[in-house]
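Novice: One file: work39.cif (mmCIF, C-alpha atoms and all ligand atoms; chains and numbers go by the auth columns).
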```cif
data_coords
loop_
_atom_site.group_PDB
_atom_site.id
_atom_site.type_symbol
_atom_site.label_atom_id
_atom_site.label_comp_id
_atom_site.label_asym_id
_atom_site.label_seq_id
_atom_site.Cartn_x
_atom_site.Cartn_y
_atom_site.Cartn_z
_atom_site.B_iso_or_equiv
_atom_site.auth_seq_id
_atom_site.auth_asym_id
ATOM 1 C CA MET A 1 121.293 69.163 82.399 0.00 68 R
ATOM 2 C CA TYR A 2 122.705 72.403 81.045 0.00 69 R
ATOM 3 C CA GLU A 3 123.869 75.473 82.925 0.00 70 R
ATOM 4 C CA VAL A 4 124.513 79.075 82.017 0.00 71 R
ATOM 5 C CA CYS A 5 126.352 81.252 84.537 0.00 72 R
ATOM 6 C CA VAL A 6 126.969 84.990 84.534 0.00 73 R
ATOM 7 C CA ALA A 7 128.571 87.196 87.174 0.00 74 R
ATOM 8 C CA THR A 8 129.188 90.786 88.080 0.00 75 R
ATOM 9 C CA SER A 9 130.282 92.726 91.151 0.00 76 R
ATOM 10 C CA PHE A 10 129.107 95.600 93.286 0.00 77 R
ATOM 11 C CA GLU A 11 130.425 97.596 96.242 0.00 78 R
ATOM 12 C CA ALA A 12 128.206 97.905 99.286 0.00 79 R
ATOM 13 C CA ALA A 13 128.231 98.508 103.032 0.00 80 R
ATOM 14 C CA HIS A 14 126.384 96.742 105.824 0.00 81 R
ATOM 15 C CA ARG A 15 126.478 95.851 109.476 0.00 82 R
ATOM 16 C CA LEU A 16 125.344 92.570 110.957 0.00 83 R
ATOM 17 C CA VAL A 17 123.232 92.234 114.060 0.00 84 R
ATOM 18 C CA GLY A 18 124.270 89.438 116.415 0.00 85 R
ATOM 19 C CA ASP A 19 127.467 87.735 117.421 0.00 86 R
ATOM 20 C CA PHE A 20 129.529 88.754 114.393 0.00 87 R
ATOM 21 C CA GLY A 21 132.426 90.559 116.102 0.00 88 R
ATOM 22 C CA PRO A 22 133.799 93.454 114.019 0.00 89 R
ATOM 23 C CA ALA A 23 131.153 92.787 111.368 0.00 90 R
ATOM 24 C CA SER A 24 128.643 94.296 113.793 0.00 91 R
ATOM 25 C CA ARG A 25 130.182 97.641 112.859 0.00 92 R
ATOM 26 C CA LEU A 26 129.502 99.333 109.544 0.00 93 R
ATOM 27 C CA HIS A 27 131.921 97.951 106.924 0.00 94 R
ATOM 28 C CA GLY A 28 131.992 97.193 103.235 0.00 95 R
ATOM 29 C CA HIS A 29 132.633 94.433 100.730 0.00 96 R
ATOM 30 C CA THR A 30 133.313 94.104 97.047 0.00 97 R
ATOM 31 C CA TYR A 31 130.556 91.580 96.468 0.00 98 R
ATOM 32 C CA ARG A 32 130.559 89.175 93.541 0.00 99 R
ATOM 33 C CA LEU A 33 127.075 88.253 92.341 0.00 100 R
ATOM 34 C CA GLU A 34 127.042 84.958 90.452 0.00 101 R
ATOM 35 C CA VAL A 35 123.884 83.595 88.861 0.00 102 R
ATOM 36 C CA VAL A 36 123.343 80.111 87.410 0.00 103 R
ATOM 37 C CA VAL A 37 120.276 78.962 85.465 0.00 104 R
ATOM 38 C CA ARG A 38 119.717 75.309 84.625 0.00 105 R
ATOM 39 C CA GLY A 39 117.504 73.347 82.292 0.00 106 R
ATOM 40 C CA GLU A 40 117.173 69.949 80.650 0.00 107 R
ATOM 41 C CA ARG A 41 116.679 71.083 77.058 0.00 108 R
ATOM 42 C CA LEU A 42 118.320 73.463 74.664 0.00 109 R
ATOM 43 C CA ARG A 43 116.242 75.743 72.456 0.00 110 R
ATOM 44 C CA GLU A 44 116.278 75.401 68.672 0.00 111 R
ATOM 45 C CA ASP A 45 119.149 77.897 68.459 0.00 112 R
ATOM 46 C CA GLY A 46 121.319 75.667 70.636 0.00 113 R
ATOM 47 C CA THR A 47 121.141 77.869 73.739 0.00 114 R
ATOM 48 C CA LEU A 48 119.655 77.209 77.151 0.00 115 R
ATOM 49 C CA TYR A 49 119.013 80.915 77.742 0.00 116 R
ATOM 50 C CA ASP A 50 120.411 84.050 76.168 0.00 117 R
ATOM 51 C CA ILE A 51 123.546 85.016 78.082 0.00 118 R
ATOM 52 C CA GLY A 52 123.189 88.686 77.144 0.00 119 R
ATOM 53 C CA ALA A 53 119.641 88.840 78.531 0.00 120 R
ATOM 54 C CA LEU A 54 120.722 87.110 81.733 0.00 121 R
ATOM 55 C CA GLN A 55 123.732 89.420 82.109 0.00 122 R
ATOM 56 C CA GLU A 56 121.469 92.443 81.668 0.00 123 R
ATOM 57 C CA ALA A 57 119.129 91.244 84.405 0.00 124 R
ATOM 58 C CA VAL A 58 122.026 90.493 86.760 0.00 125 R
ATOM 59 C CA ASP A 59 123.686 93.845 86.045 0.00 126 R
ATOM 60 C CA GLY A 60 120.368 95.532 86.904 0.00 127 R
ATOM 61 C CA ILE A 61 120.262 93.871 90.327 0.00 128 R
ATOM 62 C CA ALA A 62 123.898 94.774 90.981 0.00 129 R
ATOM 63 C CA ALA A 63 123.229 98.407 89.995 0.00 130 R
ATOM 64 C CA SER A 64 120.378 98.558 92.508 0.00 131 R
ATOM 65 C CA LEU A 65 122.836 97.534 95.281 0.00 132 R
ATOM 66 C CA HIS A 66 126.009 99.319 94.144 0.00 133 R
ATOM 67 C CA TYR A 67 127.377 101.937 96.574 0.00 134 R
ATOM 68 C CA ARG A 68 124.403 101.370 98.886 0.00 135 R
ATOM 69 C CA ASN A 69 124.129 100.588 102.539 0.00 136 R
ATOM 70 C CA LEU A 70 122.394 97.216 102.186 0.00 137 R
ATOM 71 C CA ASP A 71 120.659 97.740 105.521 0.00 138 R
ATOM 72 C CA GLU A 72 118.702 100.592 103.889 0.00 139 R
ATOM 73 C CA VAL A 73 117.838 99.000 100.539 0.00 140 R
ATOM 74 C CA PRO A 74 114.094 98.371 100.045 0.00 141 R
ATOM 75 C CA GLY A 75 113.510 94.652 100.443 0.00 142 R
ATOM 76 C CA LEU A 76 116.563 94.276 102.690 0.00 143 R
ATOM 77 C CA SER A 77 116.005 96.920 105.361 0.00 144 R
ATOM 78 C CA GLY A 78 114.945 95.265 108.598 0.00 145 R
ATOM 79 C CA ALA A 79 116.737 92.032 107.673 0.00 146 R
ATOM 80 C CA ASN A 80 120.170 90.955 108.821 0.00 147 R
ATOM 81 C CA THR A 81 122.087 91.481 105.589 0.00 148 R
ATOM 82 C CA THR A 82 124.097 88.270 105.584 0.00 149 R
ATOM 83 C CA ALA A 83 125.295 86.928 102.251 0.00 150 R
ATOM 84 C CA GLU A 84 122.506 84.330 102.495 0.00 151 R
ATOM 85 C CA VAL A 85 119.860 87.061 102.860 0.00 152 R
ATOM 86 C CA VAL A 86 121.349 89.131 100.015 0.00 153 R
ATOM 87 C CA ALA A 87 121.385 86.000 97.830 0.00 154 R
ATOM 88 C CA SER A 88 117.719 85.384 98.664 0.00 155 R
ATOM 89 C CA HIS A 89 116.850 88.999 97.812 0.00 156 R
ATOM 90 C CA CYS A 90 118.574 88.669 94.427 0.00 157 R
ATOM 91 C CA TRP A 91 116.889 85.294 93.800 0.00 158 R
ATOM 92 C CA GLU A 92 113.431 86.773 94.453 0.00 159 R
ATOM 93 C CA SER A 93 114.227 89.736 92.198 0.00 160 R
ATOM 94 C CA LEU A 94 115.416 87.572 89.301 0.00 161 R
ATOM 95 C CA ALA A 95 113.030 84.618 89.420 0.00 162 R
ATOM 96 C CA PRO A 96 109.849 86.264 88.039 0.00 163 R
ATOM 97 C CA GLY A 97 111.604 87.211 84.783 0.00 164 R
ATOM 98 C CA LEU A 98 112.978 83.684 84.340 0.00 165 R
ATOM 99 C CA ARG A 99 109.829 81.647 84.912 0.00 166 R
ATOM 100 C CA GLY A 100 108.011 80.064 81.955 0.00 167 R
ATOM 101 C CA ARG A 101 111.150 79.974 79.821 0.00 168 R
ATOM 102 C CA GLY A 102 111.965 76.281 80.015 0.00 169 R
ATOM 103 C CA LEU A 103 114.441 76.696 82.872 0.00 170 R
ATOM 104 C CA SER A 104 114.293 74.321 85.830 0.00 171 R
ATOM 105 C CA SER A 105 116.303 76.075 88.556 0.00 172 R
ATOM 106 C CA LEU A 106 118.088 79.256 89.539 0.00 173 R
ATOM 107 C CA THR A 107 121.065 79.605 91.877 0.00 174 R
ATOM 108 C CA VAL A 108 122.357 82.928 93.182 0.00 175 R
ATOM 109 C CA ARG A 109 125.762 83.022 94.860 0.00 176 R
ATOM 110 C CA ILE A 110 126.932 86.032 96.833 0.00 177 R
ATOM 111 C CA TRP A 111 130.670 86.162 97.418 0.00 178 R
ATOM 112 C CA GLU A 112 131.711 88.490 100.247 0.00 179 R
ATOM 113 C CA ASN A 113 135.349 87.915 99.424 0.00 180 R
ATOM 114 C CA PRO A 114 137.168 85.704 96.860 0.00 181 R
ATOM 115 C CA ASP A 115 137.124 82.689 99.205 0.00 182 R
ATOM 116 C CA VAL A 116 133.598 82.688 100.644 0.00 183 R
ATOM 117 C CA TYR A 117 130.112 82.538 99.207 0.00 184 R
ATOM 118 C CA ALA A 118 126.576 81.866 100.346 0.00 185 R
ATOM 119 C CA ALA A 119 123.971 80.641 97.882 0.00 186 R
ATOM 120 C CA CYS A 120 120.218 80.585 97.418 0.00 187 R
ATOM 121 C CA GLU A 121 118.832 77.961 95.039 0.00 188 R
ATOM 122 C CA GLY A 122 115.314 77.074 93.976 0.00 189 R
ATOM 123 C CA ALA A 123 113.102 75.660 91.243 0.00 190 R
ATOM 124 C CA LEU A 124 111.758 77.992 88.561 0.00 191 R
ATOM 125 C CA GLU A 125 108.690 75.981 87.516 0.00 192 R
HETATM 126 N N1 LIG B . 126.887 82.639 107.558 0.00 201 O
HETATM 127 C C1 LIG B . 127.436 83.889 107.448 0.00 201 O
HETATM 128 N N2 LIG B . 128.372 84.280 108.294 0.00 201 O
HETATM 129 C C2 LIG B . 128.899 85.516 108.191 0.00 201 O
HETATM 130 C C3 LIG B . 128.469 86.381 107.180 0.00 201 O
HETATM 131 C C4 LIG B . 127.460 85.930 106.303 0.00 201 O
HETATM 132 O O1 LIG B . 127.037 86.651 105.387 0.00 201 O
HETATM 133 N N3 LIG B . 126.974 84.688 106.471 0.00 201 O
HETATM 134 N N4 LIG B . 129.008 87.617 107.070 0.00 201 O
HETATM 135 C C5 LIG B . 129.929 88.065 107.872 0.00 201 O
HETATM 136 C C6 LIG B . 130.408 89.480 107.694 0.00 201 O
HETATM 137 O O2 LIG B . 129.840 90.064 106.543 0.00 201 O
HETATM 138 C C7 LIG B . 131.865 89.691 107.703 0.00 201 O
HETATM 139 O O3 LIG B . 132.107 91.031 107.268 0.00 201 O
HETATM 140 C C8 LIG B . 132.631 88.763 106.828 0.00 201 O
HETATM 141 O O4 LIG B . 133.947 88.986 107.162 0.00 201 O
HETATM 142 P P1 LIG B . 135.101 87.901 106.968 0.00 201 O
HETATM 143 O O5 LIG B . 134.516 86.558 106.780 0.00 201 O
HETATM 144 O O6 LIG B . 136.054 88.093 108.041 0.00 201 O
HETATM 145 O O7 LIG B . 135.731 88.276 105.596 0.00 201 O
HETATM 146 P P2 LIG B . 136.352 89.608 105.139 0.00 201 O
HETATM 147 O O8 LIG B . 137.496 89.267 104.238 0.00 201 O
HETATM 148 O O9 LIG B . 135.286 90.431 104.500 0.00 201 O
HETATM 149 O O10 LIG B . 136.848 90.343 106.437 0.00 201 O
HETATM 150 P P3 LIG B . 138.336 90.537 106.932 0.00 201 O
HETATM 151 O O11 LIG B . 138.170 91.328 108.190 0.00 201 O
HETATM 152 O O12 LIG B . 139.030 91.315 105.866 0.00 201 O
HETATM 153 O O13 LIG B . 138.923 89.188 107.136 0.00 201 O
HETATM 154 C C9 LIG B . 130.446 87.249 108.944 0.00 201 O
HETATM 155 N N5 LIG B . 129.852 85.927 109.032 0.00 201 O
HETATM 156 ZN ZN ZN B . 130.308 91.974 106.085 0.00 202 O
#
```
Please re-express this file's structure in structure tokens.
Specialist:
Amino acid sequence: MYEVCVATSFEAAHRLVGDFGPASRLHGHTYRLEVVVRGERLREDGTLYDIGALQEAVDGIAASLHYRNLDEVPGLSGANTTAEVVASHCWESLAPGLRGRGLSSLTVRIWENPDVYAACEGALE
């Protein structure tokens, strides 16, 4: 099994609904968005997937969230914007462009701070 991983970061605000203490008030994070694709076979050029193309796709998702209130972003508004939910949103945004390319799975990790992440993982085929 091979893996390629790219990452970027974005700044965003949110508030959580429920028993989250101070996080129920509007606050912000410097999020790290980390994306891993996996597959069993390398292509003829010796790569699993082009890192530049993956970075471009990941940068596009981050740009759509940067300096936003996540609670107002289309696709996230109405949801509780936990790191798990943001990871799921990014997974759903990225997966269509990665299907049919010989990749077996995609993992999206959302780090809310340098010590904590939540992840969403699923098959691509
Ligand atoms: N399962 C989850 N639990 C929590 C999430 C989450 O996404 N999934 N999110 C939060 C809040 O976003 C909260 O803001 C996180 O704060 P905290 O863990 O305290 O980390 P910070 O460093 O960002 O906050 P400090 O106040 O600076 O310690 C809570 N739970
Ligand atoms: Zn938070």
Novice: List as a tab-separated table every residue of range 85-162 of chain R that is in contact with range 166-190 of chain R, defined as an atom at most 12 Å from one of its atoms (using all atoms listed in the file), together with the nearest atom pair and the distance in Å rounded to one decimal, sorted by chain and then rising number.
Specialist:
```
residue	atom	partner	partner_atom	distance
R:Ala90	CA	R:Glu179	CA	11.9
R:His94	CA	R:Glu179	CA	11.6
R:Gly95	CA	R:Glu179	CA	9.2
R:His96	CA	R:Glu179	CA	6.0
R:Thr97	CA	R:Glu179	CA	6.7
R:Tyr98	CA	R:Glu179	CA	5.0
R:Arg99	CA	R:Trp178	CA	4.9
R:Leu100	CA	R:Ile177	CA	5.0
R:Glu101	CA	R:Arg176	CA	5.0
R:Val102	CA	R:Val175	CA	4.6
R:Val103	CA	R:Thr174	CA	5.0
R:Val104	CA	R:Leu173	CA	4.6
R:Arg105	CA	R:Ser172	CA	5.3
R:Gly106	CA	R:Leu170	CA	4.6
R:Glu107	CA	R:Ser171	CA	7.4
R:Arg108	CA	R:Gly169	CA	7.6
R:Leu109	CA	R:Gly169	CA	8.8
R:Arg110	CA	R:Gly169	CA	8.7
R:Thr114	CA	R:Gly169	CA	11.2
R:Leu115	CA	R:Leu170	CA	7.8
R:Tyr116	CA	R:Leu170	CA	8.1
R:Asp117	CA	R:Arg168	CA	10.8
R:Leu121	CA	R:Leu173	CA	11.4
R:Val125	CA	R:Val175	CA	9.9
R:Ile128	CA	R:Val175	CA	11.5
R:Ala129	CA	R:Ile177	CA	10.9
R:Thr148	CA	R:Ile177	CA	11.4
R:Thr149	CA	R:Ala185	CA	8.6
R:Ala150	CA	R:Ala185	CA	5.6
R:Glu151	CA	R:Ala185	CA	5.2
R:Val152	CA	R:Cys187	CA	8.5
R:Val153	CA	R:Ile177	CA	7.1
R:Ala154	CA	R:Cys187	CA	5.6
R:Ser155	CA	R:Cys187	CA	5.6
R:His156	CA	R:Cys187	CA	9.1
R:Cys157	CA	R:Val175	CA	7.0
R:Trp158	CA	R:Val175	CA	6.0
R:Glu159	CA	R:Cys187	CA	9.7
R:Ser160	CA	R:Val175	CA	10.6
R:Leu161	CA	R:Leu173	CA	8.7
R:Ala162	CA	R:Arg166	CA	6.3
```
Novice: Can I get the selected residues back with C-alpha atoms, as a compact mmCIF listing (two decimals), in the frame of the given file?
Specialist:
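selection.txt written:
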```
# COMPACT_ATOMS: atom_id res chain seq x y z
CA ALA R 90 131.15 92.79 111.37
CA HIS R 94 131.92 97.95 106.92
CA GLY R 95 131.99 97.19 103.24
CA HIS R 96 132.63 94.43 100.73
CA THR R 97 133.31 94.10 97.05
CA TYR R 98 130.56 91.58 96.47
CA ARG R 99 130.56 89.18 93.54
CA LEU R 100 127.08 88.25 92.34
CA GLU R 101 127.04 84.96 90.45
CA VAL R 102 123.88 83.60 88.86
CA VAL R 103 123.34 80.11 87.41
CA VAL R 104 120.28 78.96 85.46
CA ARG R 105 119.72 75.31 84.62
CA GLY R 106 117.50 73.35 82.29
CA GLU R 107 117.17 69.95 80.65
CA ARG R 108 116.68 71.08 77.06
CA LEU R 109 118.32 73.46 74.66
CA ARG R 110 116.24 75.74 72.46
CA THR R 114 121.14 77.87 73.74
CA LEU R 115 119.66 77.21 77.15
CA TYR R 116 119.01 80.92 77.74
CA ASP R 117 120.41 84.05 76.17
CA LEU R 121 120.72 87.11 81.73
CA VAL R 125 122.03 90.49 86.76
CA ILE R 128 120.26 93.87 90.33
CA ALA R 129 123.90 94.77 90.98
CA THR R 148 122.09 91.48 105.59
CA THR R 149 124.10 88.27 105.58
CA ALA R 150 125.30 86.93 102.25
CA GLU R 151 122.51 84.33 102.50
CA VAL R 152 119.86 87.06 102.86
CA VAL R 153 121.35 89.13 100.02
CA ALA R 154 121.38 86.00 97.83
CA SER R 155 117.72 85.38 98.66
CA HIS R 156 116.85 89.00 97.81
CA CYS R 157 118.57 88.67 94.43
CA TRP R 158 116.89 85.29 93.80
CA GLU R 159 113.43 86.77 94.45
CA SER R 160 114.23 89.74 92.20
CA LEU R 161 115.42 87.57 89.30
CA ALA R 162 113.03 84.62 89.42
```
Novice: Please expand the PyMOL selection byres (((chain R and resi 133) around 7) and not hetatm) into the concrete residues it hits in this file, giving the result as a list of chain:residue names.
Specialist: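 That selection, the PyMOL selection byres (((chain R and resi 133) around 7) and not hetatm), comes back as R:Phe77, R:Glu78, R:Ala79, R:Ala129, R:Ala130, R:Ser131, R:Leu132, R:Tyr134, R:Arg135.
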Novice: Could the residues in this selection be saved with C-alpha atoms as a compact mmCIF listing (two decimals), in the frame of the given file?
Specialist:
```txt
# COMPACT_ATOMS: atom_id res chain seq x y z
CA PHE R 77 129.11 95.60 93.29
CA GLU R 78 130.43 97.60 96.24
CA ALA R 79 128.21 97.90 99.29
CA ALA R 129 123.90 94.77 90.98
CA ALA R 130 123.23 98.41 90.00
CA SER R 131 120.38 98.56 92.51
CA LEU R 132 122.84 97.53 95.28
CA TYR R 134 127.38 101.94 96.57
CA ARG R 135 124.40 101.37 98.89
```
Novice: Can you tell me how far CA of Leu83 in chain R sits from atom O4 of ligand LIG 201 (chain O), in Å to one decimal?
Specialist: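 Spanning CA of Leu83 in chain R to atom O4 of ligand LIG 201 (chain O) is a straight-line distance of 10.1 Å.
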Novice: Restricting the calculation to only C-alpha atoms: of R:Ala120, R:Leu93, R:Asn147, R:Glu111, which residue gets closest to Cys72 in chain R?
Specialist: R:Ala120
Novice: What's the separation between atom C7 of ligand LIG 201 (chain O) and CA of Gly127 in chain R, in Å to one decimal place?
Specialist: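 Separation of atom C7 of ligand LIG 201 (chain O) and CA of Gly127 in chain R: 24.5 Å.
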Novice: From the list R:Asp126, R:Gly113, R:Asn136, R:Ser76, which residue is nearest ligand ZN 202 (chain O) when using only C-alpha atoms and all ligand atoms?
Specialist: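 Result for the nearest residue to ligand ZN 202 (chain O): R:Asn136.
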Novice: Centre and edge lengths of an axis-aligned box around all listed atoms of range 79-90 of chain R, with 3 Å added on each side, are to be given in Å to one decimal, as lines of an AutoDock Vina configuration file.
Specialist:
```
center_x = 128.5
center_y = 93.1
center_z = 108.4
size_x = 16.6
size_y = 16.8
size_z = 24.1
```
Novice: Counting all atoms listed in the file, which of R:Leu143, R:Ala124, R:Val84, R:Leu191 gets nearest to ligand ZN 202 (chain O)?
Specialist: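 Of R:Leu143, R:Ala124, R:Val84, R:Leu191, the one nearest ligand ZN 202 (chain O) is R:Val84, counting all atoms listed in the file.
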Novice: How many Å lie between CA of Phe87 in chain R and atom O5 of ligand LIG 201 (chain O), rounded to one decimal?
Specialist: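 A separation of 9.4 Å between them.
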Novice: From the set R:Glu123, R:Asp112, R:Glu70, R:Asp138, which residue has the shortest atom-to-atom contact distance to ligand ZN 202 (chain O), counting only C-alpha atoms and all ligand atoms?
Specialist: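 Of the candidates, the smallest distance to ligand ZN 202 (chain O) is held by R:Asp138.
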